[in-house]
Each structure stands twice: as structure tokens, then as C-alpha cells.
Amino acid sequence: MVFDEEAARREQWWFDNPYGQYLGEREGRLLLKLIEPQWGETFLEIGCSAGRHLLLFHRQGCRVTGTDPSPSLLQIAAQELGDKADLRLGRASDLPFSDNEFDIVSLMLPLTFADDAEKAVSEAVRVSRGRVFIGLMNKFSLAAVQLKAQQFIGPSGPQPGAFFHIGEMKSIVRRFLPGVRIHWGSVIFLPVRWYGFAVPLEEFLPVMKNPFGAFLGLSFPITYNLRTVQDIISNSFELKAERGQPARGIIRGR
């Protein structure tokens, strides 16, 4: 699904109002808790929308890249971020990046609307060399019924294509990375319109491994036996043929 210009305006409105600001901040806190970005790391957000999380990770010292299928949303992101981010037009199922290109990859909204969730996850795994974060709408949450009608971008927003539960997403991830250790948590436990008076209750509820939040987040490391080098011709490439030693730098073990 590609958001049109009107949908982009609705999303902008939603995250400019107090409900949207608070819920977006809760999502961001969970994302940072599960990913723990380090200064200088490269961060890709698949489905970056208007760029809220790109700005969040830029402030953490990361070099940020965003991709989205909507030109309208990318235009809003460009206005917000300026030269702080590299923005690309692209879909979650066919990313315009090489293997193992980013330290951190985040995949959130596209899973809700993706025609093929497994393909989107496989692409996120392919372009990461460090860790992946997946955010999804929880079908078992108290707010699920309301979210299906309203979602996070306002009362007339598009209907989501699919909700998931944590067990489903763990199964999908482990098809590509068998046995990988997955960390997860959730936020937004109450109906959206309650947050005018129920913020203290939201903050009181535990986040990690709680299966009832409307927004589920999970993270996992990417490990490979072999990994391609992005720049073959580099200072680390040493040709030692004259000494009778093999050339190094084409493949790095991990």
C-alpha cells in the first residue's frame, strides 16, 4: 500500500496532536530500549513515513537512511530532516540496498500493509549486519478493535491489512534465523482516547515480555558465518602475493 497525499496530511495531523505525540514517544522509547544504538552506527528505517524515528536515531549519533513507497511522506520527511538523512523511494519487499549494509534495520508500519510479510522480514535480515527491530500491531491487545478502525494516523486513516501476535512473528523470524535469541516487549495497553487521563497507568504497566500492548516490538541480532565486504578496495585489503601469502579482504568471517 502506498499512502497518497491526503493520507500523508492525516498522519502529520495525528502526530501533531497530544495523543499521537505521546503514543509515538512510547513507541520510540521501546525501540531504543530494544536496539540500544551506538554512536556512529548506520540505521535504516524501512517505511520511514514522515521520518520521526530517523530524527530520533540521528539524535543518538547514528547515520540514518529511510525508505518509503510514498513520495508524499518522503517529501514531509525531507522537510523535517533536511540533510540529516538519506531518503530513498522503495518497498519493503524489494529494498534498493546491498547485503549487510546497515548496522541497525527497523521494520515497522510496512508489515501491517505488506502483501508478503515474510518477504519484508527476509529483506530486513538481508540488508542488516548487526540487528533488526520489528514493530507490529498486536492482534491480542485490548486496543486492537479500535486500532483496526482508527490506526495511529487519525479517525479516517487506512485500514490495516494484518495484525500479528508475538508467536507468529517469532516463527517468521526463525524461518530465516533458526535459534536466534529474540528480545521483545509492548506498549500502549489502553484504548487510544483514554490517554487524556490514563498516562500514569500506562507508565506503571511492565513493558518487557508483556503480550497485551497494542504495539509489539522485537529485536534480534544478525549473525553469519560469512559476510560480504561492501568496499572490496579498501585500506584493509592487503595483497601479499609477493610474499606467497593469500589475499585477504574479500570475505570476512563473523
# chains A, B, ... in the order shown; residues from 1 in each chain; ligands from 1
>>> residues_around(residues="segment 53-63 of chain A", least_positions_apart="5", cutoff="12 Å", atoms="only C-alpha atoms", output="PyMOL selection string")
chain A and resi 24-32+35-48+74+77-87+102-109
>>> atom_distance(atom1="atom CA of Leu177 of chain A", atom2="atom CA of Ser122 of chain A")
9.7 Å
>>> residues_around(residues="Pro96 of chain A", least_positions_apart="4", cutoff="12 Å", atoms="only C-alpha atoms", output="list in words")
Leu44, Ile46, Thr65, Gly66, Thr67, Asp68, Pro69, Leu87, Arg88, Leu89, Gly90, Arg91, Ala92, Glu101, Glu123, Ala124, Arg126 and Val127 of chain A
